[in-house]
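*Asks:* Next up is a structure, given as structure tokens.
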Amino acid sequence: MSGNWDDTDSEDDNVDIVEKPVIIARSRNPSIAKSLEKAGVEILENPIEGSENNGQDDSDDSMSVGSNDSEDFESHEGEVIVLDFDTTANMKKMIAQFNVEQRNIISEFADTEIFVISLDSLIIECIEHKYHDWTLAGQSLVLSAQIDRFLNQFTLMGGRFKLVVFTDLGTHFSRDTTLSFVRCSAISHIQSGPYGKDLEYFHSPLDQRWTAFLKQITPSFMMISTDNVSVEVSGNEEINMSPQLETIVLHALSQKVPIVPLYEIKVNFSDVTAFFVNPKLMVMHNWESFCAAHWDCSSDQLRNATNPSIDASSITTPAQLWTRIIAETSAPTKNGETPVQKSDHFDALCCAVLLSSLVCTKLGSKRTYLPSRTDGKRGLDVIRDRRLLLNTAVIVLEKIDCKTVKFSVGDLWDGRMILSIFDEICANEAVMPYRLQEEFAKLHSEAKLTKSIAVDTNERLFEVIEETDKPLSKLPILYEMESDFLSKLIPELKELDSENKVKDGRKQDYADWFKENLAWKFREVEEEFTKPPEKIENLWQLKKANKMKQFMSRWYEMFSNSLEGRGSNLLVDFSRTPKGYMVAETEKKEDKKGGKGGWSGQKQGGGGGKAGAKPSKKDVIMEANKNAKTVKIADGEKAKIKFGLQQGKNAVTYLEGLMSSLDLGESKALCEFEMTVRIGKTLLDEMAGKDKVAERRVEGVKLVGLIKNCLTKHWQYLDDKQKSQVVDLWVSLGFEAPTGSKPSSDAKNKKLDLDINMVYYQMEYAGELIDIQSDAQKDDRVTGFAPDAWQRRMLDAVDLGNSALIIAPTSAGKTFVSYYCIEKVLRSSDEDVVVYVSPSKALTNQVCGSIYARFRNKTLLRGKSLFGALTNDYDNNALSCQVLVTVPDALENLLLSTNPIVQQFAARIKYVIFDEVHSIGASVEAPVWEHLLLFIRCPFIALSATIGNAVKLHEWLDKGEQLKSGGKRKVDLITYGERYSELEMAIQKIEMPTISEDGEEEGEKRVVKKIEGDCIQQFMPYGVFTPEKMRMFGIPEDQQLTSRQVLQLYRMMSEVDETIKKNLEPCKYFEYTSGAPVWLNRAGLRALETELKKKLLEWLNQDESKITNVLQKLGEPVKEQLEYRAVPFNRLCELE
């Protein structure tokens, strides 16, 4: 800090140094502060300004990657970088070999992604900015606010990170007293705050724990810069930390960790733009010896940082901490060393520090500074006192356990205030506020100070800064505009006022002005999709165009059949309206309560005679007709079943297809019984014997499922003989006979014995049979299947005209509501439009094919088409369709178009369907999604398989929807967490390549690959978890396990801890007893899974060795494969 009261090599005690704070910009543009500068720091007197780029010495070998002056920073296309540290020591050129790009890194802020920030480098970056007042070692509050705001902006955007400190860098910082104190106080502030749990210490890149740490958390990138502190910050030219920071960068890149430099980081609402240095495959020779030459690798500093020796729970204020520090300066030295000499002003300086701490604690950031004295003189003896005090503070802070501190460590030192108080004390002026007299006297005595301070009854240090009344009413300039929409969104607009107002009149039509005054000729800008098709007059061309239409029609028919199946029952019949169509379930219930449930033509409340009265002749006839119809249906369905039994080997396949068309319970029972008998006979013929147990377990799932249906759904429809056959098959599988049943002696031989408990069998092999319990019921609005309760809520939202945010896993069955919405619009009008927003152009064709497969029977008006497509580079029937399939940015352009034709089309939009709406938070087009959800004036359906903060998104959408509709519409939140089919995870096994010894071919070695056995390896998702990531993120809520994985987790945990068997053994947990079959359901399975997860997290906090053991066992099957895939396959041989 040249020119300031700071370190100097001069020992002339007679030199008077006049304090004139000089704030000089950094020698490059560290725009890490751009977002921080906008927020402002309240205690600063000068306005916040950005740093300036004043150039940098081209000869500086420590210049960081990405510097504008780096001539060697250029991309190299090689896939492998070989670095020999014996032949070159210029790390700047080494780093320049890596490719760098400026891009949005918000995609790296995923739910379970972690990045790493070098706290040492962050401190160096922050202290370089020009708004720092380095008077007497600066102001701790400014640096703390910088760091907090920088970290908070990532936290608010969902980023999770670890802060790392390399303790060996403390030696370099300690060469400058102020730098050492600034670093120590900043680290103490982080330790005592919310980010303390994310702070990690390592002595150097050679620390084995550092390499293990990177492998464990697999960070998405590391934020670090390689710039040294500038001469404007520290006058000590011997300080150069660039080589150490460069070794950290090279080591991280060698571990395949990308680098994000701590400058040119631009953060806005939805983007984080930064330079991104991509790693490459690296081969480093003599790295360890080269790196060791730049680092001390001291375990002492690391030990002191990780094992603090002072409990600070008894220290409740910064002033008490400074009292202890001052007392330490007077303590006897160890080993009989000569104590540091103190000047006559030492007590005055200590009094100023104590008083400053008390005032700052009382006032916070809204503190008052005394005017600078022109007669203040501070000699070098006082500089030594300041050094002694700050060096002692560093020693004490390094020993304190900051986790036990009960006050804010971020405001330890305010050099500007200390200096002003010190000058007043030396001038014997009254400066002690009356209200602090008693508290100061106690601390003064504990610190054993002798300097007395006069009491200031006016309390100048507590003078209140006058605040501007209604600051919004005194703006320098105000641009007025009238907008009812903005007034609703921003009520504070009414408070804005200024002497300099700019009225918002009608926007001038510049085109007309240029036409009238300059006679310019303009051509109207018209969107391509609004232009009418060219009229074809040539007969040959007309014939060709008609043939092309026919070809496209046939192509769409073939394409739709490939998507939905030929002859499927999905095709909508627009010639009839289904019973109960477009009537919400809530309305149906109200109708029943109101007595509107009679038949067509029946009087309101009809059929209501006296209880127990004799039925009328009409009722008898109708009941007889109904029974006759039932008998007829039963005979017809039995005939179909009988026909199916005559199909020989194809009988089971035929009966499976027949099941969905059967209406009567007894018919379904007979059909499934016959399938049970035939499948059981097939297993007896082909898979009997102990040597085929493994095959029977897999193939027997269908048989067990049919028996389950017979026992639970159809038992009342089966006769005694059929029941006996079902029981015999059940017992032959090795399961206990149901209570009260008598299996045959042949069944007791257990020829199909699965040799496994029925609970374990369901969990390991028959997960598909575990009941979801989704309350499926028949609904007249849907044909072909019975929708679940949550699916009926989706239909209700559409029928009531509300919007809906629907979150359900893939394959759960949420997409069909979009087709129900389309059908509703198509049935209600020949002009109305529904828009389907696909997240990408690749899906638009698939959506068009599905729409054609379902709704091609719709009769259209002349000139109308069923569907149209609109993207940025393609359009087809965009304004003449009833179903528009588009992408977000294309729809935004359409809605913002001023073309009257486009606006007429937009006015006919009745529903918008947003598919994959989670793109609003993880896509480059996130702002476009936000705009669309606010622009549209009609209801919408937003579909997604995964949204982490569904409640927050729903609240935002609901507020916007009610604001747009005046409270007439709302957004329903519909969530469902179960998949219809369990999702198993597997990885393909690839054998390691070997090199043949019998030669080379054209200079290249031949690679021989060998794959034996099963090439698919199932694995448990927890196998890729690490304790550190689990500690930060927990276990993701949407990471549901399959039944097989739950059983696998139980087995691994029970091997580690025997108490798991006592409390969470599946048979005990599900209360399984002999003779009483227990059929599992998803709710019970989730409950067991939750208990196991809770136990895992308990181990994480109580005994990490247990959870580490479990995770290692779960990841062992795929560990080798994952490590193999981490290296480019065509470079494995080179690494060998």
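Every chain in the structure tokens has a letter given in the order shown (A, B, ...), and although residue numbers restart at 1 in each chain, ligands are simply numbered from 1 in the order shown.
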From a backbone DSSP assignment, name each residue in stretch 196-257 of chain A labelled strand (DSSP E), as a list in words.

*Replies:* Leu199, Glu200, Tyr201, Phe202, Met222 and Met223 of chain A

*Asks:* Hey, what's within 12 Å of A:Trp287 if we count only C-alpha atoms and toss same-chain stuff fewer than 5 positions away? As a list in words, please?

*Replies:*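 Near neighbours after the sequence-gap exclusion: Val82, Leu83, Asp84, Phe85, Asp86, Thr87, Thr88, Ala89, Met91, Pro205, Leu206, Thr247, Ile248, Leu250, His251, Ser254, Met282, Ala292, Ala293 and His294 of chain A.
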
*Asks:* Mind writing the picked residues with all heavy atoms as a compact mmCIF listing (two decimals), in the first residue's frame?

*Replies:*
```
# COMPACT_ATOMS: atom_id res chain seq x y z
N VAL A 82 1.40 -33.76 -23.20
CA VAL A 82 2.54 -34.33 -22.48
C VAL A 82 3.38 -33.17 -21.95
O VAL A 82 3.85 -32.33 -22.73
CB VAL A 82 3.38 -35.25 -23.40
CG1 VAL A 82 4.55 -35.82 -22.62
CG2 VAL A 82 2.51 -36.36 -23.97
N LEU A 83 3.55 -33.12 -20.63
CA LEU A 83 4.30 -32.05 -19.99
C LEU A 83 5.52 -32.64 -19.29
O LEU A 83 5.38 -33.55 -18.46
CB LEU A 83 3.42 -31.31 -18.98
CG LEU A 83 2.14 -30.66 -19.52
CD1 LEU A 83 1.36 -30.02 -18.38
CD2 LEU A 83 2.46 -29.64 -20.59
N ASP A 84 6.69 -32.14 -19.62
CA ASP A 84 7.92 -32.57 -18.97
C ASP A 84 8.45 -31.38 -18.17
O ASP A 84 8.89 -30.38 -18.74
CB ASP A 84 8.95 -33.02 -20.00
CG ASP A 84 10.16 -33.68 -19.34
OD1 ASP A 84 10.30 -33.55 -18.10
OD2 ASP A 84 10.94 -34.32 -20.06
N PHE A 85 8.38 -31.46 -16.85
CA PHE A 85 8.74 -30.34 -16.01
C PHE A 85 10.25 -30.22 -15.82
O PHE A 85 10.71 -29.32 -15.11
CB PHE A 85 8.04 -30.47 -14.66
CG PHE A 85 6.56 -30.29 -14.75
CD1 PHE A 85 5.72 -31.39 -14.94
CD2 PHE A 85 6.00 -29.04 -14.69
CE1 PHE A 85 4.35 -31.22 -15.05
CE2 PHE A 85 4.63 -28.87 -14.80
CZ PHE A 85 3.80 -29.96 -14.98
N ASP A 86 11.03 -31.11 -16.42
CA ASP A 86 12.48 -30.96 -16.40
C ASP A 86 12.97 -30.07 -17.53
O ASP A 86 14.03 -29.44 -17.43
CB ASP A 86 13.16 -32.33 -16.51
CG ASP A 86 13.27 -33.00 -15.15
OD1 ASP A 86 12.97 -32.33 -14.14
OD2 ASP A 86 13.63 -34.20 -15.10
N THR A 87 12.20 -30.02 -18.61
CA THR A 87 12.64 -29.27 -19.78
C THR A 87 12.06 -27.86 -19.82
O THR A 87 12.59 -27.00 -20.51
CB THR A 87 12.23 -30.01 -21.05
OG1 THR A 87 10.81 -30.18 -21.06
CG2 THR A 87 12.90 -31.37 -21.11
N THR A 88 10.94 -27.63 -19.15
CA THR A 88 10.35 -26.29 -19.15
C THR A 88 9.72 -26.03 -17.80
O THR A 88 9.19 -26.94 -17.16
CB THR A 88 9.29 -26.14 -20.25
OG1 THR A 88 8.73 -24.82 -20.16
CG2 THR A 88 8.18 -27.15 -20.08
N ALA A 89 9.80 -24.77 -17.37
CA ALA A 89 9.21 -24.38 -16.09
C ALA A 89 8.18 -23.28 -16.26
O ALA A 89 7.68 -22.75 -15.28
CB ALA A 89 10.30 -23.93 -15.12
N MET A 91 4.88 -22.37 -16.56
CA MET A 91 3.54 -22.96 -16.41
C MET A 91 2.49 -22.17 -17.17
O MET A 91 1.44 -22.72 -17.53
CB MET A 91 3.19 -23.05 -14.92
CG MET A 91 3.97 -24.12 -14.18
SD MET A 91 3.50 -24.26 -12.45
CE MET A 91 4.38 -22.86 -11.77
N PRO A 205 -1.08 -28.87 -3.38
CA PRO A 205 -1.61 -29.84 -4.35
C PRO A 205 -1.01 -31.23 -4.18
O PRO A 205 -1.58 -32.20 -4.70
CB PRO A 205 -1.24 -29.23 -5.70
CG PRO A 205 -1.00 -27.80 -5.44
CD PRO A 205 -0.47 -27.71 -4.06
N LEU A 206 0.11 -31.35 -3.50
CA LEU A 206 0.73 -32.66 -3.28
C LEU A 206 0.10 -33.40 -2.12
O LEU A 206 0.45 -34.55 -1.87
CB LEU A 206 2.24 -32.48 -3.03
CG LEU A 206 3.05 -31.98 -4.23
CD1 LEU A 206 4.50 -31.76 -3.82
CD2 LEU A 206 2.98 -32.96 -5.39
N THR A 247 0.35 -24.12 -10.13
CA THR A 247 0.47 -25.57 -9.88
C THR A 247 -0.88 -26.16 -9.48
O THR A 247 -1.19 -27.30 -9.84
CB THR A 247 1.50 -25.84 -8.77
OG1 THR A 247 1.13 -25.13 -7.58
CG2 THR A 247 2.89 -25.41 -9.19
N ILE A 248 -1.68 -25.39 -8.75
CA ILE A 248 -3.03 -25.87 -8.40
C ILE A 248 -3.86 -26.06 -9.66
O ILE A 248 -4.57 -27.06 -9.81
CB ILE A 248 -3.72 -24.87 -7.44
CG1 ILE A 248 -2.93 -24.74 -6.14
CG2 ILE A 248 -5.15 -25.32 -7.14
CD1 ILE A 248 -3.46 -23.66 -5.21
N LEU A 250 -2.80 -26.62 -12.79
CA LEU A 250 -2.31 -27.76 -13.57
C LEU A 250 -2.72 -29.07 -12.93
O LEU A 250 -3.11 -30.03 -13.63
CB LEU A 250 -0.79 -27.68 -13.70
CG LEU A 250 -0.25 -26.66 -14.71
CD1 LEU A 250 1.26 -26.56 -14.61
CD2 LEU A 250 -0.67 -27.03 -16.13
N HIS A 251 -2.64 -29.15 -11.62
CA HIS A 251 -3.02 -30.39 -10.95
C HIS A 251 -4.51 -30.67 -11.13
O HIS A 251 -4.91 -31.81 -11.38
CB HIS A 251 -2.67 -30.32 -9.46
CG HIS A 251 -3.02 -31.56 -8.71
ND1 HIS A 251 -4.24 -31.73 -8.06
CD2 HIS A 251 -2.34 -32.73 -8.52
CE1 HIS A 251 -4.28 -32.92 -7.50
NE2 HIS A 251 -3.15 -33.55 -7.77
N SER A 254 -5.14 -31.94 -14.52
CA SER A 254 -4.69 -33.33 -14.66
C SER A 254 -5.67 -34.32 -14.06
O SER A 254 -5.69 -35.48 -14.44
CB SER A 254 -3.31 -33.51 -14.00
OG SER A 254 -3.41 -33.43 -12.58
N MET A 282 -3.78 -35.86 -19.83
CA MET A 282 -2.45 -35.32 -19.55
C MET A 282 -1.50 -36.42 -19.11
O MET A 282 -1.89 -37.34 -18.39
CB MET A 282 -2.51 -34.25 -18.46
CG MET A 282 -3.28 -33.01 -18.84
SD MET A 282 -3.40 -31.85 -17.45
CE MET A 282 -1.67 -31.47 -17.18
N ALA A 292 6.92 -29.83 -5.65
CA ALA A 292 7.49 -29.72 -4.30
C ALA A 292 8.43 -28.54 -4.18
O ALA A 292 8.61 -27.98 -3.10
CB ALA A 292 8.20 -31.01 -3.93
N ALA A 293 9.04 -28.14 -5.30
CA ALA A 293 9.95 -27.00 -5.26
C ALA A 293 9.22 -25.68 -5.03
O ALA A 293 9.84 -24.69 -4.65
CB ALA A 293 10.75 -26.94 -6.57
N HIS A 294 7.92 -25.65 -5.25
CA HIS A 294 7.13 -24.43 -5.08
C HIS A 294 6.33 -24.42 -3.78
O HIS A 294 5.69 -23.41 -3.47
CB HIS A 294 6.16 -24.25 -6.26
CG HIS A 294 6.84 -23.96 -7.56
ND1 HIS A 294 7.36 -24.95 -8.36
CD2 HIS A 294 7.11 -22.78 -8.19
CE1 HIS A 294 7.90 -24.41 -9.44
NE2 HIS A 294 7.76 -23.10 -9.36
```

*Asks:* Between atom CA of A:Leu245 and atom CA of A:Thr226, measure the distance and give it in Å to one decimal.

*Replies:*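 Atom CA of A:Thr226 lies at a distance of 5.1 Å from atom CA of A:Leu245.
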
*Asks:* Just how far from atom CA of A:Asp958 is atom CA of A:Ala942, in Å to one decimal?

*Replies:*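 So the two atoms, atom CA of A:Ala942 and atom CA of A:Asp958, lie 12.1 Å apart.
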
*Asks:* Please return, as a count of residues only, all residues of stretch 225-267 of chain A that DSSP assigns to helix (DSSP H, G or I) on the basis of the backbone.

*Replies:* 13

*Asks:* How many Å separate atom CA of A:Pro491 from atom CA of A:Pro476?

*Replies:* 20.2 Å

*Asks:* Write out as a short mmCIF file (atom, residue, chain, number, x, y, z; two decimals) with all heavy atoms, in the first residue's frame which residues come within 9 Å of stretch 721-732 of chain A when counting only C-alpha atoms, dropping same-chain ones fewer than 6 positions away.

*Replies:*
```cif
data_model
loop_
_atom_site.label_atom_id
_atom_site.label_comp_id
_atom_site.auth_asym_id
_atom_site.auth_seq_id
_atom_site.Cartn_x
_atom_site.Cartn_y
_atom_site.Cartn_z
N PHE A 673 -57.78 -67.59 -14.89
CA PHE A 673 -57.59 -68.95 -14.37
C PHE A 673 -57.03 -69.87 -15.44
O PHE A 673 -56.10 -70.65 -15.20
CB PHE A 673 -58.91 -69.50 -13.83
CG PHE A 673 -58.87 -70.97 -13.55
CD1 PHE A 673 -58.23 -71.47 -12.43
CD2 PHE A 673 -59.46 -71.88 -14.44
CE1 PHE A 673 -58.18 -72.84 -12.18
CE2 PHE A 673 -59.41 -73.24 -14.20
CZ PHE A 673 -58.77 -73.72 -13.07
N THR A 676 -53.47 -69.17 -15.97
CA THR A 676 -52.69 -69.68 -14.84
C THR A 676 -52.39 -71.16 -15.01
O THR A 676 -51.25 -71.62 -14.83
CB THR A 676 -53.45 -69.44 -13.52
OG1 THR A 676 -53.72 -68.04 -13.37
CG2 THR A 676 -52.64 -69.94 -12.33
N VAL A 677 -53.40 -71.93 -15.35
CA VAL A 677 -53.25 -73.38 -15.50
C VAL A 677 -52.26 -73.70 -16.62
O VAL A 677 -51.37 -74.55 -16.47
CB VAL A 677 -54.61 -74.04 -15.75
CG1 VAL A 677 -54.43 -75.52 -16.09
CG2 VAL A 677 -55.51 -73.88 -14.54
N GLY A 680 -48.67 -72.67 -15.74
CA GLY A 680 -48.16 -73.59 -14.73
C GLY A 680 -47.76 -74.92 -15.35
O GLY A 680 -46.72 -75.49 -14.99
N LEU A 703 -46.59 -66.27 -13.72
CA LEU A 703 -47.46 -67.22 -13.04
C LEU A 703 -47.83 -66.71 -11.65
O LEU A 703 -49.00 -66.78 -11.24
CB LEU A 703 -46.76 -68.59 -12.93
CG LEU A 703 -47.52 -69.68 -12.15
CD1 LEU A 703 -48.87 -69.97 -12.80
CD2 LEU A 703 -46.68 -70.94 -12.05
N VAL A 704 -46.85 -66.19 -10.92
CA VAL A 704 -47.14 -65.65 -9.60
C VAL A 704 -48.12 -64.49 -9.69
O VAL A 704 -49.03 -64.36 -8.86
CB VAL A 704 -45.83 -65.23 -8.90
CG1 VAL A 704 -46.13 -64.51 -7.59
CG2 VAL A 704 -44.95 -66.43 -8.65
N ILE A 707 -51.61 -65.95 -10.24
CA ILE A 707 -52.13 -66.55 -9.00
C ILE A 707 -52.54 -65.45 -8.02
O ILE A 707 -53.56 -65.56 -7.32
CB ILE A 707 -51.06 -67.47 -8.37
CG1 ILE A 707 -50.80 -68.66 -9.31
CG2 ILE A 707 -51.48 -67.94 -7.00
CD1 ILE A 707 -49.69 -69.58 -8.82
N CYS A 710 -55.90 -64.28 -9.00
CA CYS A 710 -56.93 -65.27 -8.66
C CYS A 710 -57.25 -65.25 -7.17
O CYS A 710 -58.41 -65.36 -6.76
CB CYS A 710 -56.47 -66.68 -9.07
SG CYS A 710 -56.40 -66.94 -10.86
N LEU A 711 -56.22 -65.08 -6.32
CA LEU A 711 -56.44 -65.09 -4.88
C LEU A 711 -57.05 -63.80 -4.37
O LEU A 711 -57.81 -63.81 -3.39
CB LEU A 711 -55.10 -65.32 -4.16
CG LEU A 711 -54.45 -66.70 -4.36
CD1 LEU A 711 -53.07 -66.73 -3.72
CD2 LEU A 711 -55.32 -67.80 -3.78
N TRP A 715 -61.33 -64.61 -6.54
CA TRP A 715 -61.58 -65.80 -5.73
C TRP A 715 -63.06 -66.14 -5.62
O TRP A 715 -63.45 -67.31 -5.63
CB TRP A 715 -60.97 -65.58 -4.34
CG TRP A 715 -60.79 -66.84 -3.53
CD1 TRP A 715 -61.46 -67.20 -2.41
CD2 TRP A 715 -59.88 -67.90 -3.81
NE1 TRP A 715 -61.02 -68.41 -1.94
CE2 TRP A 715 -60.04 -68.87 -2.79
CE3 TRP A 715 -58.94 -68.14 -4.82
CZ2 TRP A 715 -59.31 -70.05 -2.75
CZ3 TRP A 715 -58.20 -69.31 -4.77
CH2 TRP A 715 -58.40 -70.25 -3.75
N PRO A 738 -52.45 -71.18 1.73
CA PRO A 738 -53.29 -70.26 2.50
C PRO A 738 -54.04 -71.00 3.61
O PRO A 738 -54.36 -72.18 3.50
CB PRO A 738 -54.26 -69.71 1.44
CG PRO A 738 -53.57 -69.92 0.13
CD PRO A 738 -52.77 -71.17 0.30
N SER A 741 -56.87 -74.01 3.41
CA SER A 741 -56.83 -74.75 2.14
C SER A 741 -56.07 -76.06 2.33
O SER A 741 -55.26 -76.20 3.25
CB SER A 741 -56.16 -73.90 1.06
OG SER A 741 -54.83 -73.62 1.43
N LYS A 742 -56.37 -77.04 1.45
CA LYS A 742 -55.75 -78.36 1.52
C LYS A 742 -55.12 -78.70 0.18
O LYS A 742 -55.81 -79.19 -0.73
CB LYS A 742 -56.79 -79.42 1.91
CG LYS A 742 -57.36 -79.23 3.32
CD LYS A 742 -58.36 -80.33 3.64
CE LYS A 742 -58.94 -80.16 5.05
NZ LYS A 742 -59.91 -81.22 5.38
N PRO A 743 -53.83 -78.46 0.02
CA PRO A 743 -53.18 -78.78 -1.25
C PRO A 743 -53.04 -80.28 -1.44
O PRO A 743 -53.04 -81.05 -0.47
CB PRO A 743 -51.81 -78.10 -1.12
CG PRO A 743 -51.58 -78.03 0.36
CD PRO A 743 -52.92 -77.85 0.99
N SER A 744 -52.93 -80.71 -2.67
CA SER A 744 -52.79 -82.12 -2.97
C SER A 744 -51.38 -82.59 -2.60
O SER A 744 -50.47 -81.81 -2.40
CB SER A 744 -53.04 -82.36 -4.46
OG SER A 744 -52.06 -81.70 -5.24
N SER A 745 -51.25 -83.92 -2.50
CA SER A 745 -49.95 -84.50 -2.15
C SER A 745 -48.92 -84.23 -3.24
O SER A 745 -47.73 -84.06 -2.97
CB SER A 745 -50.09 -86.00 -1.91
OG SER A 745 -50.65 -86.63 -3.07
N ASP A 746 -49.37 -84.19 -4.49
CA ASP A 746 -48.45 -83.91 -5.58
C ASP A 746 -47.91 -82.47 -5.50
O ASP A 746 -46.75 -82.21 -5.78
CB ASP A 746 -49.16 -84.12 -6.92
CG ASP A 746 -48.20 -83.99 -8.10
OD1 ASP A 746 -47.15 -84.66 -8.09
OD2 ASP A 746 -48.50 -83.20 -9.01
N ALA A 747 -48.78 -81.54 -5.08
CA ALA A 747 -48.34 -80.16 -4.95
C ALA A 747 -47.31 -80.00 -3.85
O ALA A 747 -46.40 -79.18 -3.94
CB ALA A 747 -49.54 -79.25 -4.68
N LYS A 748 -47.43 -80.83 -2.80
CA LYS A 748 -46.50 -80.74 -1.68
C LYS A 748 -45.09 -81.17 -2.07
O LYS A 748 -44.13 -80.89 -1.33
CB LYS A 748 -47.00 -81.57 -0.51
CG LYS A 748 -48.29 -81.02 0.11
CD LYS A 748 -48.75 -81.91 1.26
CE LYS A 748 -50.04 -81.38 1.87
NZ LYS A 748 -50.53 -82.21 2.98
N ASN A 749 -44.94 -81.84 -3.21
CA ASN A 749 -43.59 -82.21 -3.67
C ASN A 749 -42.80 -81.01 -4.18
O ASN A 749 -41.59 -81.09 -4.38
CB ASN A 749 -43.70 -83.25 -4.79
CG ASN A 749 -44.25 -84.56 -4.29
OD1 ASN A 749 -44.06 -84.93 -3.12
ND2 ASN A 749 -44.95 -85.29 -5.16
N LYS A 750 -43.50 -79.90 -4.39
CA LYS A 750 -42.87 -78.63 -4.77
C LYS A 750 -41.95 -78.80 -5.99
O LYS A 750 -40.77 -78.48 -5.97
CB LYS A 750 -42.08 -78.04 -3.60
CG LYS A 750 -42.95 -77.76 -2.38
CD LYS A 750 -42.14 -77.16 -1.24
CE LYS A 750 -43.03 -76.86 -0.05
NZ LYS A 750 -42.27 -76.26 1.08
N LYS A 751 -42.54 -79.29 -7.06
CA LYS A 751 -41.74 -79.50 -8.27
C LYS A 751 -41.27 -78.19 -8.90
O LYS A 751 -40.30 -78.18 -9.65
CB LYS A 751 -42.57 -80.30 -9.29
CG LYS A 751 -42.91 -81.70 -8.81
CD LYS A 751 -43.72 -82.44 -9.86
CE LYS A 751 -44.08 -83.85 -9.40
NZ LYS A 751 -44.87 -84.58 -10.42
N LEU A 752 -41.99 -77.11 -8.61
CA LEU A 752 -41.61 -75.80 -9.13
C LEU A 752 -41.03 -74.91 -8.02
O LEU A 752 -41.11 -73.68 -8.09
CB LEU A 752 -42.81 -75.10 -9.77
CG LEU A 752 -43.42 -75.77 -11.00
CD1 LEU A 752 -44.64 -74.99 -11.48
CD2 LEU A 752 -42.40 -75.87 -12.12
N ASP A 753 -40.45 -75.54 -7.02
CA ASP A 753 -39.96 -74.81 -5.85
C ASP A 753 -39.00 -73.68 -6.26
O ASP A 753 -38.00 -73.91 -6.95
CB ASP A 753 -39.25 -75.78 -4.91
CG ASP A 753 -38.90 -75.12 -3.58
OD1 ASP A 753 -39.35 -73.97 -3.37
OD2 ASP A 753 -38.19 -75.74 -2.77
N LEU A 754 -39.34 -72.45 -5.85
CA LEU A 754 -38.49 -71.29 -6.14
C LEU A 754 -37.42 -71.09 -5.09
O LEU A 754 -36.52 -70.26 -5.28
CB LEU A 754 -39.36 -70.02 -6.25
CG LEU A 754 -40.44 -70.04 -7.33
CD1 LEU A 754 -41.25 -68.74 -7.30
CD2 LEU A 754 -39.84 -70.26 -8.71
#
```
